[in-house]
Amino acid sequence: MQQSCNMQRLLSEQPSTSSRMCVGRQVERTPRRGRQLASHDIRREALERAPEHLADTFSAQFAPITDVKAKRPPKETYSLDEVVYKASNGDLLDVVHDMDALAQFDAAHWRKVFDARVGTTSWPYGSGVWSKKEWVLPGISDDDIVSMFEGNSNLFWAERFGRQTLSMSDLWVKQCGNSHTGSFKDLGMTALVSQVNRIRRLKPGSISAVGCASTGDTSAALSAYCAAAGIPSIVFLPADKISMAQLVQPIANGALVLSIDTDFDGCMKLIRQVTAETPIYLANSMNSLRLEGQKTAAIEILQQFDWQVPDWVIIPGGNLGNIYAFYKGFKMARDLGLVDKLPRLVVAQTANANPLYRAYQRSQTKDAHEARLSDLEDKYEPIKAKTTFASAIQIGDPVSIDRAIMALQESNGIVEEATEEELMDAAARADRTGMFNCPHTGVALAALIKLRQRQVISPSDRTVVVSTAHGLKFTNSKVDYHSKAIPDMACQFANPPFSVKNDLGAVMDALRGQIGI
Ligand SMILES: Cc1ncc(COP(=O)(O)O)c(C=O)c1O
Ligand SMILES: N[C@@H](CCOP(=O)(O)O)C(=O)O
């Protein structure tokens, strides 16, 4: 009875008071509150609603990823309130939920709860991440949450690109870059910074600032969420390797920005050392709290397809946290019965930063393009990443490699790569059908093109390409492409502007010449 009351309170958009009886159907009949006045203090209202009972009903803790993979009870666990990033033997950690507690509520119930929260302004459920709060960080108080109502990104039917370029009828692009700081990192950062907010309240002085190494998007998200919460942030950026739009984001949000004369992998090494020795908290996806937020994009895709599972999901990979986050979101939905299978996952890497692709190639069986996924661990070696237009994934030594391999093994996944020309052409081609893709999305689109050409993906397969950042953060690469200013690249889909004199005749000549009017 206690649990069903809790769930009914969650379903209700009305403040729950002690005098109100918690009777199932009565609460479900309560009309959902629509938009609230801007002056309405939705955070205060959430506090009054005080769902502290959730902490007793659902719970989560850190456990080593190797135990998760082996599907055995963890040898060691840590509270999410502890500052810990790795297990004692150096294994990555995962956030492990009490699945039995979640499973006390059936799939129809969860679908209904999640669907009821979409598009509301009810704190914190209006966020795409916090609309799945019980599956993300169930124990956190609503008042500790730092959210910009991220998530709920559009799933775009790429009808014309699919039909014209790939003869596909069911191609979709999940626009994770349509977000507060312009990338999917917001989904993870709301979870991590909220937990930091909680730890700082519970243990004053334990965390003085939050820091990350970044190729530009993590730093933008970290600095924005920290600024919203009033928490100091520190970002280590590889000098001259990120776009101007990305660089200016943490600067504007008041972060301490260190532009370091190394690459991302060098910055990552430094931030790991610094966070191991100081009360600066690590915000990179090595910290599995991030992935709890990021996994909601996968659940959202299922929800947007009315709880149908796509055949393929293609994700650009760099530090390789996101591929695991997607796998985890899909897996939780399957394990709790909301859907009945996993999609096949594809990691798309740029050829200039492709350590996982190389391992995949080395694992290949005689049957070309199929790899023995169980060999991936043995075949993997970090590399020195080279410069790429997909600068946010210029990573040669990804910290989440073990998690990524697990996601591929469990989803019968594939790894594909794209050269600079392939990724820029794919982004430009898709832009011609109304998108405005970042180069990383270009990598995923190029991977899709190759998988279609090889008939691995069929014309009618329902396929989702994950667009990870907004194209406006990477306009320089587009300017170079459309100016045909890239050495050794044909830029075959370039559409450069014409310079025309201020003269009607000249304008008419230009129009006749170009579109035959
Ligand atoms: C725009 C963009 N796409 C893709 C990725 C790859 O994500 P992950 O590092 O989780 O593999 C990153 C960051 O690495 C990114 O910033
Ligand atoms: N692309 C990332 C690289 C770091 O990845 P993270 O997910 O481990 O923080 C960035 O934008 O910095």
# chains A, B, ... in the order shown; residues from 1 in each chain; ligands from 1
>>> select_by_dssp(residues="segment 299-360 of chain A", states="alpha helix (DSSP H)", output="ChimeraX atom specification")
/A:299-304,321-335,355-360
>>> residues_around(residues="Pro459 of chain A", least_positions_apart="4", cutoff="12 Å", atoms="only C-alpha atoms", output="mmCIF file with all heavy atoms, in the first residue's frame")
data_model
loop_
_atom_site.group_PDB
_atom_site.id
_atom_site.type_symbol
_atom_site.label_atom_id
_atom_site.label_comp_id
_atom_site.auth_asym_id
_atom_site.auth_seq_id
_atom_site.Cartn_x
_atom_site.Cartn_y
_atom_site.Cartn_z
ATOM 1 N N GLY A 162 16.468 9.957 -46.167
ATOM 2 C CA GLY A 162 16.358 8.499 -46.190
ATOM 3 C C GLY A 162 15.957 7.995 -47.565
ATOM 4 O O GLY A 162 16.585 7.083 -48.116
ATOM 5 N N ARG A 163 14.945 8.621 -48.115
ATOM 6 C CA ARG A 163 14.405 8.141 -49.405
ATOM 7 C C ARG A 163 15.392 8.390 -50.539
ATOM 8 O O ARG A 163 15.728 7.490 -51.292
ATOM 9 C CB ARG A 163 13.071 8.849 -49.653
ATOM 10 C CG ARG A 163 12.356 8.449 -50.920
ATOM 11 C CD ARG A 163 10.914 8.977 -50.970
ATOM 12 N NE ARG A 163 10.716 10.308 -50.426
ATOM 13 C CZ ARG A 163 10.928 11.452 -51.090
ATOM 14 N NH1 ARG A 163 11.361 11.422 -52.331
ATOM 15 N NH2 ARG A 163 10.705 12.625 -50.518
ATOM 16 N N GLN A 164 15.901 9.648 -50.633
ATOM 17 C CA GLN A 164 16.712 10.004 -51.796
ATOM 18 C C GLN A 164 18.118 9.426 -51.739
ATOM 19 O O GLN A 164 18.679 9.018 -52.752
ATOM 20 C CB GLN A 164 16.806 11.529 -51.914
ATOM 21 C CG GLN A 164 15.501 12.153 -52.327
ATOM 22 C CD GLN A 164 15.633 13.637 -52.599
ATOM 23 O OE1 GLN A 164 16.648 14.249 -52.282
ATOM 24 N NE2 GLN A 164 14.603 14.233 -53.168
ATOM 25 N N THR A 165 18.716 9.446 -50.570
ATOM 26 C CA THR A 165 20.122 9.058 -50.485
ATOM 27 C C THR A 165 20.291 7.580 -50.196
ATOM 28 O O THR A 165 21.259 6.970 -50.627
ATOM 29 C CB THR A 165 20.812 9.873 -49.361
ATOM 30 O OG1 THR A 165 20.509 11.240 -49.575
ATOM 31 C CG2 THR A 165 22.312 9.681 -49.349
ATOM 32 N N LEU A 166 19.330 6.988 -49.476
ATOM 33 C CA LEU A 166 19.569 5.643 -48.956
ATOM 34 C C LEU A 166 18.463 4.655 -49.285
ATOM 35 O O LEU A 166 18.533 3.496 -48.854
ATOM 36 C CB LEU A 166 19.705 5.713 -47.423
ATOM 37 C CG LEU A 166 20.809 6.639 -46.897
ATOM 38 C CD1 LEU A 166 20.523 7.075 -45.481
ATOM 39 C CD2 LEU A 166 22.139 5.917 -46.956
ATOM 40 N N SER A 167 17.452 5.102 -50.013
ATOM 41 C CA SER A 167 16.274 4.261 -50.295
ATOM 42 C C SER A 167 15.696 3.694 -49.005
ATOM 43 O O SER A 167 15.294 2.521 -48.945
ATOM 44 C CB SER A 167 16.629 3.100 -51.224
ATOM 45 O OG SER A 167 17.210 3.577 -52.387
ATOM 46 N N MET A 168 15.670 4.518 -47.989
ATOM 47 C CA MET A 168 15.128 4.051 -46.706
ATOM 48 C C MET A 168 13.813 4.761 -46.414
ATOM 49 O O MET A 168 13.665 5.941 -46.728
ATOM 50 C CB MET A 168 16.113 4.350 -45.565
ATOM 51 C CG MET A 168 17.366 3.516 -45.615
ATOM 52 S SD MET A 168 18.464 3.921 -44.243
ATOM 53 C CE MET A 168 17.714 2.973 -42.923
ATOM 54 N N SER A 169 12.916 4.033 -45.750
ATOM 55 C CA SER A 169 11.606 4.632 -45.478
ATOM 56 C C SER A 169 11.414 4.980 -44.005
ATOM 57 O O SER A 169 10.463 5.655 -43.639
ATOM 58 C CB SER A 169 10.509 3.653 -45.908
ATOM 59 O OG SER A 169 10.734 2.412 -45.256
ATOM 60 N N ASP A 170 12.315 4.502 -43.166
ATOM 61 C CA ASP A 170 12.055 4.607 -41.727
ATOM 62 C C ASP A 170 13.313 5.099 -40.995
ATOM 63 O O ASP A 170 13.761 4.484 -40.034
ATOM 64 C CB ASP A 170 11.628 3.216 -41.213
ATOM 65 C CG ASP A 170 10.675 3.287 -40.033
ATOM 66 O OD1 ASP A 170 10.392 4.400 -39.555
ATOM 67 O OD2 ASP A 170 10.248 2.207 -39.571
ATOM 68 N N LEU A 171 13.860 6.204 -41.495
ATOM 69 C CA LEU A 171 15.092 6.755 -40.925
ATOM 70 C C LEU A 171 14.758 7.955 -40.045
ATOM 71 O O LEU A 171 14.005 8.848 -40.453
ATOM 72 C CB LEU A 171 16.044 7.185 -42.046
ATOM 73 C CG LEU A 171 17.326 7.900 -41.594
ATOM 74 C CD1 LEU A 171 18.192 6.992 -40.743
ATOM 75 C CD2 LEU A 171 18.102 8.406 -42.808
ATOM 76 N N ASP A 311 15.261 -0.905 -35.105
ATOM 77 C CA ASP A 311 16.185 -2.001 -35.430
ATOM 78 C C ASP A 311 17.631 -1.607 -35.145
ATOM 79 O O ASP A 311 18.418 -2.420 -34.678
ATOM 80 C CB ASP A 311 16.027 -2.373 -36.917
ATOM 81 C CG ASP A 311 14.632 -2.868 -37.206
ATOM 82 O OD1 ASP A 311 14.234 -3.874 -36.591
ATOM 83 O OD2 ASP A 311 13.916 -2.237 -38.007
ATOM 84 N N TRP A 312 17.961 -0.345 -35.459
ATOM 85 C CA TRP A 312 19.352 0.106 -35.342
ATOM 86 C C TRP A 312 19.402 1.476 -34.670
ATOM 87 O O TRP A 312 18.550 2.331 -34.940
ATOM 88 C CB TRP A 312 19.979 0.275 -36.726
ATOM 89 C CG TRP A 312 20.065 -0.963 -37.541
ATOM 90 C CD1 TRP A 312 19.150 -1.403 -38.457
ATOM 91 C CD2 TRP A 312 21.130 -1.920 -37.546
ATOM 92 N NE1 TRP A 312 19.574 -2.581 -39.026
ATOM 93 C CE2 TRP A 312 20.794 -2.919 -38.476
ATOM 94 C CE3 TRP A 312 22.340 -2.034 -36.843
ATOM 95 C CZ2 TRP A 312 21.623 -4.011 -38.734
ATOM 96 C CZ3 TRP A 312 23.167 -3.115 -37.100
ATOM 97 C CH2 TRP A 312 22.795 -4.089 -38.034
ATOM 98 N N LEU A 448 26.152 5.159 -41.508
ATOM 99 C CA LEU A 448 24.874 4.636 -42.017
ATOM 100 C C LEU A 448 24.956 4.401 -43.529
ATOM 101 O O LEU A 448 24.517 3.348 -44.025
ATOM 102 C CB LEU A 448 23.749 5.631 -41.690
ATOM 103 C CG LEU A 448 22.423 5.393 -42.398
ATOM 104 C CD1 LEU A 448 21.793 4.072 -41.943
ATOM 105 C CD2 LEU A 448 21.445 6.540 -42.134
ATOM 106 N N ILE A 449 25.505 5.376 -44.241
ATOM 107 C CA ILE A 449 25.601 5.232 -45.700
ATOM 108 C C ILE A 449 26.386 3.958 -46.045
ATOM 109 O O ILE A 449 25.985 3.158 -46.898
ATOM 110 C CB ILE A 449 26.266 6.492 -46.322
ATOM 111 C CG1 ILE A 449 25.328 7.700 -46.168
ATOM 112 C CG2 ILE A 449 26.625 6.264 -47.790
ATOM 113 C CD1 ILE A 449 25.951 9.046 -46.530
ATOM 114 N N LEU A 451 26.852 1.272 -44.181
ATOM 115 C CA LEU A 451 26.131 0.054 -43.782
ATOM 116 C C LEU A 451 24.973 -0.232 -44.728
ATOM 117 O O LEU A 451 24.612 -1.389 -44.966
ATOM 118 C CB LEU A 451 25.647 0.174 -42.330
ATOM 119 C CG LEU A 451 26.779 0.191 -41.293
ATOM 120 C CD1 LEU A 451 26.254 0.552 -39.902
ATOM 121 C CD2 LEU A 451 27.488 -1.163 -41.229
ATOM 122 N N ARG A 452 24.395 0.818 -45.294
ATOM 123 C CA ARG A 452 23.345 0.613 -46.309
ATOM 124 C C ARG A 452 23.967 0.072 -47.597
ATOM 125 O O ARG A 452 23.435 -0.843 -48.201
ATOM 126 C CB ARG A 452 22.640 1.952 -46.613
ATOM 127 C CG ARG A 452 21.447 2.245 -45.767
ATOM 128 C CD ARG A 452 20.268 1.284 -45.982
ATOM 129 N NE ARG A 452 19.717 1.336 -47.331
ATOM 130 C CZ ARG A 452 19.537 0.283 -48.130
ATOM 131 N NH1 ARG A 452 19.864 -0.933 -47.728
ATOM 132 N NH2 ARG A 452 19.022 0.431 -49.342
ATOM 133 N N GLN A 453 25.116 0.673 -47.974
ATOM 134 C CA GLN A 453 25.757 0.219 -49.226
ATOM 135 C C GLN A 453 26.111 -1.259 -49.138
ATOM 136 O O GLN A 453 26.007 -1.986 -50.113
ATOM 137 C CB GLN A 453 27.020 1.050 -49.494
ATOM 138 C CG GLN A 453 26.701 2.415 -50.090
ATOM 139 C CD GLN A 453 27.892 3.370 -50.050
ATOM 140 O OE1 GLN A 453 28.908 3.085 -49.417
ATOM 141 N NE2 GLN A 453 27.743 4.513 -50.713
ATOM 142 N N ARG A 454 26.495 -1.703 -47.972
ATOM 143 C CA ARG A 454 26.851 -3.118 -47.811
ATOM 144 C C ARG A 454 25.629 -3.989 -47.497
ATOM 145 O O ARG A 454 25.780 -5.184 -47.209
ATOM 146 C CB ARG A 454 27.884 -3.268 -46.684
ATOM 147 C CG ARG A 454 29.216 -2.605 -46.983
ATOM 148 C CD ARG A 454 30.354 -3.275 -46.210
ATOM 149 N NE ARG A 454 30.105 -3.364 -44.793
ATOM 150 C CZ ARG A 454 30.479 -2.447 -43.900
ATOM 151 N NH1 ARG A 454 31.118 -1.369 -44.299
ATOM 152 N NH2 ARG A 454 30.218 -2.605 -42.619
ATOM 153 N N GLN A 455 24.460 -3.368 -47.491
ATOM 154 C CA GLN A 455 23.197 -4.087 -47.210
ATOM 155 C C GLN A 455 23.141 -4.675 -45.803
ATOM 156 O O GLN A 455 22.394 -5.624 -45.552
ATOM 157 C CB GLN A 455 22.959 -5.232 -48.231
ATOM 158 C CG GLN A 455 22.938 -4.803 -49.662
ATOM 159 C CD GLN A 455 21.690 -4.020 -50.028
ATOM 160 O OE1 GLN A 455 20.660 -4.121 -49.378
ATOM 161 N NE2 GLN A 455 21.779 -3.196 -51.066
ATOM 162 N N THR A 463 15.666 2.871 -38.333
ATOM 163 C CA THR A 463 17.029 3.232 -37.936
ATOM 164 C C THR A 463 17.040 4.626 -37.339
ATOM 165 O O THR A 463 16.436 5.557 -37.888
ATOM 166 C CB THR A 463 17.950 3.181 -39.180
ATOM 167 O OG1 THR A 463 17.853 1.873 -39.742
ATOM 168 C CG2 THR A 463 19.397 3.487 -38.820
#
>>> select_by_dssp(residues="segment 44-177 of chain A", states="strand (DSSP E)", output="PDB file with N, CA and C atoms, in the first residue's frame")
ATOM      1  N   ALA A  60      19.698   3.228  -5.571  1.00  0.00           N
ATOM      2  CA  ALA A  60      20.769   2.911  -6.513  1.00  0.00           C
ATOM      3  C   ALA A  60      22.098   3.110  -5.810  1.00  0.00           C
ATOM      4  N   GLN A  61      23.114   2.394  -6.269  1.00  0.00           N
ATOM      5  CA  GLN A  61      24.447   2.524  -5.678  1.00  0.00           C
ATOM      6  C   GLN A  61      25.495   2.263  -6.766  1.00  0.00           C
ATOM      7  N   PHE A  62      26.748   2.611  -6.460  1.00  0.00           N
ATOM      8  CA  PHE A  62      27.832   2.302  -7.393  1.00  0.00           C
ATOM      9  C   PHE A  62      28.275   0.851  -7.190  1.00  0.00           C
ATOM     10  N   ALA A  63      28.558   0.163  -8.314  1.00  0.00           N
ATOM     11  CA  ALA A  63      29.138  -1.190  -8.244  1.00  0.00           C
ATOM     12  C   ALA A  63      30.077  -1.362  -9.442  1.00  0.00           C
ATOM     13  N   PRO A  64      31.080  -2.238  -9.320  1.00  0.00           N
ATOM     14  CA  PRO A  64      32.033  -2.408 -10.436  1.00  0.00           C
ATOM     15  C   PRO A  64      31.348  -2.948 -11.695  1.00  0.00           C
ATOM     16  N   LEU A  93      33.077   2.020 -12.550  1.00  0.00           N
ATOM     17  CA  LEU A  93      31.865   1.750 -11.761  1.00  0.00           C
ATOM     18  C   LEU A  93      30.629   1.957 -12.626  1.00  0.00           C
ATOM     19  N   ASP A  94      29.532   1.403 -12.154  1.00  0.00           N
ATOM     20  CA  ASP A  94      28.241   1.634 -12.808  1.00  0.00           C
ATOM     21  C   ASP A  94      27.251   1.989 -11.697  1.00  0.00           C
ATOM     22  N   VAL A  95      26.214   2.724 -12.040  1.00  0.00           N
ATOM     23  CA  VAL A  95      25.142   2.967 -11.073  1.00  0.00           C
ATOM     24  C   VAL A  95      24.161   1.795 -11.204  1.00  0.00           C
ATOM     25  N   VAL A  96      24.025   1.047 -10.123  1.00  0.00           N
ATOM     26  CA  VAL A  96      23.189  -0.152 -10.167  1.00  0.00           C
ATOM     27  C   VAL A  96      21.906   0.121  -9.384  1.00  0.00           C
ATOM     28  N   HIS A  97      20.779  -0.083 -10.054  1.00  0.00           N
ATOM     29  CA  HIS A  97      19.479   0.197  -9.435  1.00  0.00           C
ATOM     30  C   HIS A  97      18.904  -1.057  -8.769  1.00  0.00           C
ATOM     31  N   LEU A 155      12.631  13.808 -32.235  1.00  0.00           N
ATOM     32  CA  LEU A 155      13.067  12.680 -33.050  1.00  0.00           C
ATOM     33  C   LEU A 155      12.521  12.982 -34.443  1.00  0.00           C
ATOM     34  N   PHE A 156      13.461  13.297 -35.334  1.00  0.00           N
ATOM     35  CA  PHE A 156      13.101  13.882 -36.630  1.00  0.00           C
ATOM     36  C   PHE A 156      13.028  12.777 -37.680  1.00  0.00           C
ATOM     37  N   TRP A 157      11.926  12.689 -38.381  1.00  0.00           N
ATOM     38  CA  TRP A 157      11.808  11.709 -39.474  1.00  0.00           C
ATOM     39  C   TRP A 157      12.580  12.245 -40.666  1.00  0.00           C
ATOM     40  N   LEU A 171      13.860   6.204 -41.495  1.00  0.00           N
ATOM     41  CA  LEU A 171      15.092   6.755 -40.925  1.00  0.00           C
ATOM     42  C   LEU A 171      14.758   7.955 -40.045  1.00  0.00           C
ATOM     43  N   TRP A 172      15.349   7.987 -38.861  1.00  0.00           N
ATOM     44  CA  TRP A 172      15.056   9.024 -37.877  1.00  0.00           C
ATOM     45  C   TRP A 172      16.344   9.600 -37.305  1.00  0.00           C
ATOM     46  N   VAL A 173      16.307  10.865 -36.945  1.00  0.00           N
ATOM     47  CA  VAL A 173      17.469  11.477 -36.304  1.00  0.00           C
ATOM     48  C   VAL A 173      17.038  12.007 -34.938  1.00  0.00           C
ATOM     49  N   LYS A 174      17.688  11.511 -33.894  1.00  0.00           N
ATOM     50  CA  LYS A 174      17.388  11.974 -32.527  1.00  0.00           C
ATOM     51  C   LYS A 174      18.243  13.214 -32.278  1.00  0.00           C
ATOM     52  N   GLN A 175      17.588  14.340 -32.161  1.00  0.00           N
ATOM     53  CA  GLN A 175      18.295  15.631 -32.160  1.00  0.00           C
ATOM     54  C   GLN A 175      18.745  16.014 -30.743  1.00  0.00           C
TER      55      GLN A 175
END
>>> residues_near_ligand(ligand="ligand 1", cutoff="6 Å", atoms="only C-alpha atoms and all ligand atoms", output="PyMOL selection string")
chain A and resi 217+316-322+392-393+440+468-469
>>> residues_near_ligand(ligand="ligand 2", cutoff="9 Å", atoms="only C-alpha atoms and all ligand atoms", output="MDAnalysis selection string")
chainID A and resid 183 185 188 212:221 237 246 264 268 283:287 290:291 317:322 391:395 398:400
>>> residues_around(residues="segment 493-498 of chain A", least_positions_apart="2", cutoff="8 Å", atoms="only C-alpha atoms", output="list of chain:residue names")
A:Asp425, A:Ala428, A:Arg429, A:Tyr481, A:His482, A:Ser483, A:Lys484, A:Cys491, A:Val500, A:Ala510
>>> write_last_selection(atoms="all heavy atoms", output="mmCIF file, in the first residue's frame")
data_model
loop_
_atom_site.group_PDB
_atom_site.id
_atom_site.type_symbol
_atom_site.label_atom_id
_atom_site.label_comp_id
_atom_site.auth_asym_id
_atom_site.auth_seq_id
_atom_site.Cartn_x
_atom_site.Cartn_y
_atom_site.Cartn_z
ATOM 1 N N ASP A 425 31.009 15.107 -46.247
ATOM 2 C CA ASP A 425 30.030 14.940 -47.329
ATOM 3 C C ASP A 425 28.683 14.482 -46.775
ATOM 4 O O ASP A 425 27.623 14.967 -47.188
ATOM 5 C CB ASP A 425 30.521 13.895 -48.351
ATOM 6 C CG ASP A 425 31.540 14.470 -49.324
ATOM 7 O OD1 ASP A 425 31.710 15.716 -49.359
ATOM 8 O OD2 ASP A 425 32.179 13.673 -50.043
ATOM 9 N N ALA A 428 26.946 17.351 -45.111
ATOM 10 C CA ALA A 428 26.476 18.342 -46.098
ATOM 11 C C ALA A 428 25.280 17.807 -46.899
ATOM 12 O O ALA A 428 24.318 18.532 -47.158
ATOM 13 C CB ALA A 428 27.625 18.706 -47.042
ATOM 14 N N ARG A 429 25.344 16.550 -47.260
ATOM 15 C CA ARG A 429 24.218 15.946 -48.007
ATOM 16 C C ARG A 429 22.939 15.979 -47.194
ATOM 17 O O ARG A 429 21.862 16.300 -47.697
ATOM 18 C CB ARG A 429 24.536 14.479 -48.301
ATOM 19 C CG ARG A 429 25.094 14.242 -49.645
ATOM 20 C CD ARG A 429 25.458 12.802 -49.750
ATOM 21 N NE ARG A 429 24.618 12.118 -50.721
ATOM 22 C CZ ARG A 429 24.842 10.872 -51.114
ATOM 23 N NH1 ARG A 429 25.830 10.173 -50.591
ATOM 24 N NH2 ARG A 429 24.060 10.318 -52.013
ATOM 25 N N TYR A 481 34.058 23.957 -45.696
ATOM 26 C CA TYR A 481 33.549 23.008 -46.686
ATOM 27 C C TYR A 481 32.869 23.745 -47.832
ATOM 28 O O TYR A 481 33.165 23.502 -49.005
ATOM 29 C CB TYR A 481 32.555 22.050 -46.007
ATOM 30 C CG TYR A 481 32.045 20.953 -46.913
ATOM 31 C CD1 TYR A 481 32.711 19.737 -47.008
ATOM 32 C CD2 TYR A 481 30.882 21.120 -47.674
ATOM 33 C CE1 TYR A 481 32.247 18.713 -47.837
ATOM 34 C CE2 TYR A 481 30.409 20.120 -48.506
ATOM 35 C CZ TYR A 481 31.094 18.909 -48.579
ATOM 36 O OH TYR A 481 30.629 17.897 -49.405
ATOM 37 N N HIS A 482 31.985 24.660 -47.484
ATOM 38 C CA HIS A 482 31.221 25.331 -48.544
ATOM 39 C C HIS A 482 32.063 26.350 -49.300
ATOM 40 O O HIS A 482 31.683 26.761 -50.394
ATOM 41 C CB HIS A 482 29.936 25.941 -47.956
ATOM 42 C CG HIS A 482 28.932 24.892 -47.573
ATOM 43 N ND1 HIS A 482 28.236 24.164 -48.509
ATOM 44 C CD2 HIS A 482 28.559 24.397 -46.364
ATOM 45 C CE1 HIS A 482 27.456 23.274 -47.895
ATOM 46 N NE2 HIS A 482 27.639 23.405 -46.583
ATOM 47 N N SER A 483 33.223 26.751 -48.735
ATOM 48 C CA SER A 483 34.156 27.611 -49.475
ATOM 49 C C SER A 483 35.129 26.770 -50.295
ATOM 50 O O SER A 483 36.018 27.307 -50.931
ATOM 51 C CB SER A 483 34.996 28.464 -48.523
ATOM 52 O OG SER A 483 34.263 28.925 -47.459
ATOM 53 N N LYS A 484 34.991 25.484 -50.214
ATOM 54 C CA LYS A 484 35.915 24.539 -50.882
ATOM 55 C C LYS A 484 37.358 24.851 -50.482
ATOM 56 O O LYS A 484 38.263 24.881 -51.319
ATOM 57 C CB LYS A 484 35.749 24.609 -52.395
ATOM 58 C CG LYS A 484 34.369 24.189 -52.867
ATOM 59 C CD LYS A 484 34.374 23.884 -54.354
ATOM 60 C CE LYS A 484 33.083 23.232 -54.762
ATOM 61 N NZ LYS A 484 33.160 22.277 -55.813
ATOM 62 N N CYS A 491 34.779 18.396 -51.732
ATOM 63 C CA CYS A 491 33.633 19.159 -51.186
ATOM 64 C C CYS A 491 32.496 19.153 -52.201
ATOM 65 O O CYS A 491 31.977 20.205 -52.615
ATOM 66 C CB CYS A 491 34.042 20.589 -50.833
ATOM 67 S SG CYS A 491 35.409 20.695 -49.679
ATOM 68 N N VAL A 500 27.612 39.245 -56.056
ATOM 69 C CA VAL A 500 26.907 39.909 -57.163
ATOM 70 C C VAL A 500 26.914 41.415 -56.930
ATOM 71 O O VAL A 500 26.734 41.871 -55.792
ATOM 72 C CB VAL A 500 25.447 39.380 -57.249
ATOM 73 C CG1 VAL A 500 24.711 40.017 -58.413
ATOM 74 C CG2 VAL A 500 25.426 37.865 -57.396
ATOM 75 N N ALA A 510 22.670 36.381 -62.534
ATOM 76 C CA ALA A 510 23.035 35.338 -61.551
ATOM 77 C C ALA A 510 21.892 34.346 -61.392
ATOM 78 O O ALA A 510 22.102 33.128 -61.349
ATOM 79 C CB ALA A 510 23.379 35.986 -60.215
#
>>> residues_around(residues="Ile145 of chain A", least_positions_apart="4", cutoff="8 Å", atoms="only C-alpha atoms", output="ChimeraX atom specification")
/A:124,140-141,190-191,193-195,197
>>> closest_residue(among="A:Gln364, A:Thr387, A:Thr275, A:Ser288", to="Ala87 of chain A", atoms="only C-alpha atoms")
A:Ser288
>>> closest_residue(among="A:Lys69, A:Ala255, A:Val465, A:Ser458", to="Gln409 of chain A", atoms="only C-alpha atoms")
A:Lys69
>>> residues_around(residues="Leu445 of chain A", least_positions_apart="5", cutoff="8 Å", atoms="only C-alpha atoms", output="list in words")
Leu423, Ala426, Ala427 and Val465 of chain A
>>> write_last_selection(atoms="all heavy atoms", output="compact mmCIF listing (two decimals), in the first residue's frame")
# COMPACT_ATOMS: atom_id res chain seq x y z
N LEU A 423 32.72 12.04 -43.74
CA LEU A 423 31.88 12.64 -42.69
C LEU A 423 31.40 14.03 -43.10
O LEU A 423 30.26 14.41 -42.83
CB LEU A 423 32.60 12.65 -41.35
CG LEU A 423 33.76 13.62 -41.07
CD1 LEU A 423 33.27 14.92 -40.47
CD2 LEU A 423 34.76 12.98 -40.12
N ALA A 426 28.72 13.54 -45.84
CA ALA A 426 27.46 13.02 -45.29
C ALA A 426 26.70 14.12 -44.56
O ALA A 426 25.48 14.27 -44.74
CB ALA A 426 27.75 11.86 -44.34
N ALA A 427 27.43 14.93 -43.79
CA ALA A 427 26.76 16.03 -43.07
C ALA A 427 26.17 17.02 -44.07
O ALA A 427 25.01 17.45 -43.93
CB ALA A 427 27.75 16.72 -42.14
N VAL A 465 19.62 7.66 -36.13
CA VAL A 465 20.96 8.25 -36.03
C VAL A 465 20.91 9.24 -34.88
O VAL A 465 20.02 10.09 -34.82
CB VAL A 465 21.33 8.97 -37.35
CG1 VAL A 465 22.58 9.83 -37.17
CG2 VAL A 465 21.53 7.95 -38.46
>>> closest_residue(among="A:Ile280, A:Ala245, A:Ala447, A:Ile315", to="Gly471 of chain A", atoms="only C-alpha atoms")
A:Ala245
>>> atom_distance(atom1="atom CA of Lys473 of chain A", atom2="atom CA of Asp488 of chain A")
24.1 Å
